[in-house]
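**Q** Below you will find the structure I want to go over with you.
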Amino acid sequence: MVVESIPKAAGFIYGIIAFAALAWLWYSGRFTRRRALPFLAASVFFGFLVFAPVFPYQFQLLVLRDAAALGSPLPMAIVGLLAFIALTLVFGRIVCGQVCPAGAVQELMYLVPVKKRGRAESRVPTAVRAGVFVVFLAAGLGLSVNLLALLGLPAFFNLTVATVSFIVFLGIVLLSAVVYRPFCRYVCPYGALLAPAASKALYRIRRTEACVNCGKCERACPTGAADPSAGAGECYLCGRCTEACPIDGALVYRRANAKNRLPLEE
C-alpha cells in the first residue's frame, strides 16, 4: 500500500507535528487515552501510506549505511534520529507511545478485549534488551543483514502478504493483543536507545504527595513501569496509570524539581 510517489519526508513532518501536539497534551494535563486514539490511527495510516516515520527501520537503514533507501543523506538521518533521542530525554517516550507506526499498531491491537498476559511477569530484563541490540548491531555492521526486514516490518506496512516475513510480523502484531508491545519491548533497536533516555527524562509521570499508595496505577500499567521499584525507561506514556488513579493530582506529568512533586520511582 506504500505510495512511492509521496516522499518519506511527509511522514517525518507528521511525526514532528504529532510529537509536539502530544507533548503539549501531556504538559497541559489534557492527555487522555481517548485523545490519543486519533494519533494512533494517523500514525498507522502514515505507516501504510509512506512507511514513515517508522523509526526502528530508519535506524536499521542507518546501521546498514543505506542512504538510497533512507531517502536522505546519512548525516541528515543521523541528526534526525539523534534529535528524537534528545526529545525523549526531555519528554519521555512519546515517539514510541503514539508516533511510531510500529508501536501504534501494537497499542491499538492491545485494545482488543481478550485475556492479557499477567502483568506480574511484564518486565523485560535489561540484559535481554542489551543482548538483542548487540545482535542487531553485529548483524547490520558486520554482516550487512537487515534483521528488521527478515522480521517483516517493511513487508507488513507494504502489504506484501505473499511472503514469510509478512506473516512473521503479522504474528507479532496479533501477539500484541495479549502481550503488550512485544516488538517494542523485546526487539526494537531504536527503542533500546530510547529506554535509557526516557529513564532520565526531564518530564515524566510522577507521584505527588497526594498519592495514597493504593496500587491501582501499578495494576493498570502493562509494563510494570508504575511500580515504585521500576524506572521510567519502559513507560510508553499510554495513560493507563493516570486514568486508573482515583486521586486527582496524585499522578502528574511534570519535572522532578517541581514543587510538591516526587519521582514515580520512589
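By convention in this document, the chains of the C-alpha cells carry letters A, B, ... by their order, each chain's residues are numbered from 1, and ligands are numbered from 1 in the order they are shown.
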Can you list, as an MDAnalysis selection string, every protein, DNA or RNA residue that comes within 10 Å of Phe45 in chain A when you count only C-alpha atoms, leaving out same-chain residues fewer than 5 positions away?
**A** chainID A and resid 2 11 39:40 50:52 101 104:105 157
**Q** I want to know what sits within 12 Å of Ile17 in chain A, based on only C-alpha atoms, with residues of the same chain fewer than 5 positions away left out; could you give that as a ChimeraX atom specification?
**A** /A:10-12,22-24,39,42-43,53,94-95,98-99
**Q** Any chance you could list, as a ChimeraX atom specification, the residues in range 122-239 of chain A that come up strand (DSSP E or B) when DSSP is run on the backbone?
**A** /A:203-208
**Q** Which residue is closest to Pro222 in chain A? Choose from A:Cys96, A:Leu175, A:Ala210, A:Cys235 and count only C-alpha atoms.
**A**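 Ranking A:Cys96, A:Leu175, A:Ala210, A:Cys235 by distance to Pro222 in chain A, first place goes to A:Cys235.
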**Q** As JSON, numbers by chain, please: every residue in range 17-254 of chain A that DSSP puts in helix (DSSP H, G or I).
**A** {"A": [17, 18, 19, 20, 21, 22, 23, 24, 25, 26, 27, 33, 34, 35, 36, 37, 38, 39, 40, 41, 42, 43, 44, 45, 46, 47, 48, 49, 50, 55, 56, 57, 58, 59, 60, 61, 62, 63, 67, 68, 69, 70, 74, 75, 76, 77, 78, 79, 80, 81, 82, 83, 84, 85, 86, 87, 88, 89, 90, 91, 94, 95, 96, 97, 98, 99, 101, 102, 103, 104, 105, 106, 107, 108, 109, 119, 120, 121, 126, 127, 128, 129, 130, 131, 132, 133, 134, 135, 136, 137, 138, 139, 140, 141, 142, 143, 147, 148, 149, 150, 153, 154, 155, 156, 157, 158, 164, 165, 166, 167, 168, 169, 170, 171, 172, 173, 174, 175, 182, 183, 184, 185, 186, 187, 189, 190, 191, 192, 193, 194, 195, 196, 197, 198, 199, 216, 217, 218, 219, 220, 240, 241, 242, 243, 244]}
**Q** Measuring between only C-alpha atoms, which one of A:Gly140, A:Pro75, A:Gly233, A:Pro113 shows the shortest distance to Tyr57 in chain A?
**A**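 Smallest separation from Tyr57 in chain A among the options: A:Gly140.
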**Q** Range 88-91 of chain A: which residues within 7 Å, counting only C-alpha atoms, same-chain residues fewer than 4 positions away excluded, as a PDB file with N, CA and C atoms, in the first residue's frame?
**A**
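Heads up, here's the output in part.pdb:
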```
ATOM      1  N   ALA A  23       3.111  16.178  23.231  1.00  0.00           N
ATOM      2  CA  ALA A  23       3.867  16.769  24.335  1.00  0.00           C
ATOM      3  C   ALA A  23       3.059  17.881  24.995  1.00  0.00           C
ATOM      4  N   PHE A  84      15.396  12.966  18.021  1.00  0.00           N
ATOM      5  CA  PHE A  84      14.301  12.335  18.750  1.00  0.00           C
ATOM      6  C   PHE A  84      14.790  11.668  20.035  1.00  0.00           C
ATOM      7  N   LEU A 194      16.154   4.502  23.202  1.00  0.00           N
ATOM      8  CA  LEU A 194      15.255   5.475  23.823  1.00  0.00           C
ATOM      9  C   LEU A 194      14.948   5.141  25.281  1.00  0.00           C
ATOM     10  N   ALA A 197      17.253   6.807  27.709  1.00  0.00           N
ATOM     11  CA  ALA A 197      16.987   8.245  27.639  1.00  0.00           C
ATOM     12  C   ALA A 197      15.716   8.587  28.407  1.00  0.00           C
ATOM     13  N   ALA A 198      14.672   7.772  28.230  1.00  0.00           N
ATOM     14  CA  ALA A 198      13.403   8.014  28.917  1.00  0.00           C
ATOM     15  C   ALA A 198      13.536   7.858  30.425  1.00  0.00           C
ATOM     16  N   LYS A 200      15.770   8.894  32.206  1.00  0.00           N
ATOM     17  CA  LYS A 200      16.311  10.141  32.749  1.00  0.00           C
ATOM     18  C   LYS A 200      15.544  11.363  32.246  1.00  0.00           C
ATOM     19  N   ALA A 201      14.373  11.148  31.692  1.00  0.00           N
ATOM     20  CA  ALA A 201      13.614  12.242  31.080  1.00  0.00           C
ATOM     21  C   ALA A 201      13.319  13.354  32.086  1.00  0.00           C
ATOM     22  N   LEU A 202      13.427  14.573  31.614  1.00  0.00           N
ATOM     23  CA  LEU A 202      13.139  15.729  32.462  1.00  0.00           C
ATOM     24  C   LEU A 202      11.670  15.738  32.868  1.00  0.00           C
ATOM     25  N   TYR A 203      10.791  15.509  31.896  1.00  0.00           N
ATOM     26  CA  TYR A 203       9.356  15.433  32.166  1.00  0.00           C
ATOM     27  C   TYR A 203       8.918  13.976  32.087  1.00  0.00           C
ATOM     28  N   ARG A 204       8.241  13.501  33.119  1.00  0.00           N
ATOM     29  CA  ARG A 204       7.658  12.170  33.097  1.00  0.00           C
ATOM     30  C   ARG A 204       6.570  12.087  34.151  1.00  0.00           C
TER      31      ARG A 204
END
```
**Q** Mind checking which residues fall within 9 Å of Ala155 in chain A, counting only C-alpha atoms, ignoring those fewer than 6 positions away in the same chain, and posting them as a ChimeraX atom specification?
**A** /A:149,161,163,165-167,169
**Q** Just the residues within 12 Å of Leu25 in chain A, please, counting only C-alpha atoms, with nothing from its chain fewer than 3 positions along; format it as a ChimeraX atom specification.
**A** /A:18-22,28-36,39,91,94,237,239,253
**Q** Of the candidates A:Arg65, A:Arg219, A:Arg255, A:Arg181, which one gets nearest to Tyr236 in chain A if we count only C-alpha atoms?
**A**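 Smallest distance to Tyr236 in chain A is found for A:Arg181.
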**Q** Nearest to Leu108 in chain A: which of A:Pro38, A:Gly131, A:Pro56, A:Gly171 is it, counting only C-alpha atoms?
**A**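 Between A:Pro38, A:Gly131, A:Pro56, A:Gly171, the residue approaching Leu108 in chain A most closely is A:Pro38.
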**Q** Quick check, in Å to one decimal: how far apart do CA of Ala77 in chain A and CA of Leu62 in chain A lie?
**A** 7.2 Å
**Q** Restricting the calculation to only C-alpha atoms, which member of A:Ser199, A:Thr223, A:Asn213, A:Gln106 is positioned closest to Ala250 in chain A?
**A**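 Counting only C-alpha atoms, the residue closest to Ala250 in chain A is A:Asn213.
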**Q** Excluding Cys241 in chain A and its own-chain neighbours fewer than 2 positions away, which residues fall within 8 Å of it when counting only C-alpha atoms? Please give them as a VMD selection string.
**A** chain A and resid 216 to 218 220 to 221 226 239 243 to 245 251
**Q** Could you save those same residues with N, CA and C atoms as a compact mmCIF listing (two decimals), in the first residue's frame?
**A**
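See out-v4.txt below for the written result:
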```
# COMPACT_ATOMS: atom_id res chain seq x y z
N LYS A 216 -3.39 1.13 42.35
CA LYS A 216 -4.20 0.98 41.13
C LYS A 216 -3.39 1.31 39.87
N CYS A 217 -2.51 2.27 39.97
CA CYS A 217 -1.69 2.61 38.80
C CYS A 217 -0.76 1.45 38.44
N GLU A 218 -0.22 0.79 39.46
CA GLU A 218 0.69 -0.33 39.22
C GLU A 218 -0.03 -1.50 38.57
N ALA A 220 -2.63 -1.23 36.66
CA ALA A 220 -3.06 -0.83 35.32
C ALA A 220 -1.91 -0.80 34.32
N CYS A 221 -0.68 -0.62 34.81
CA CYS A 221 0.47 -0.47 33.91
C CYS A 221 0.84 -1.79 33.26
N ALA A 226 5.07 1.56 36.44
CA ALA A 226 4.46 2.33 37.52
C ALA A 226 4.85 1.83 38.90
N GLY A 239 -1.02 6.31 29.30
CA GLY A 239 -2.07 6.96 30.06
C GLY A 239 -2.91 6.05 30.92
N GLU A 243 -5.24 7.29 34.17
CA GLU A 243 -6.67 7.00 34.04
C GLU A 243 -7.17 6.18 35.22
N ALA A 244 -6.34 5.27 35.73
CA ALA A 244 -6.76 4.40 36.84
C ALA A 244 -6.67 5.08 38.19
N CYS A 245 -5.86 6.14 38.29
CA CYS A 245 -5.64 6.80 39.58
C CYS A 245 -6.93 7.44 40.10
N LEU A 251 -1.01 11.65 40.36
CA LEU A 251 -0.06 11.33 39.30
C LEU A 251 -0.05 12.48 38.32
```
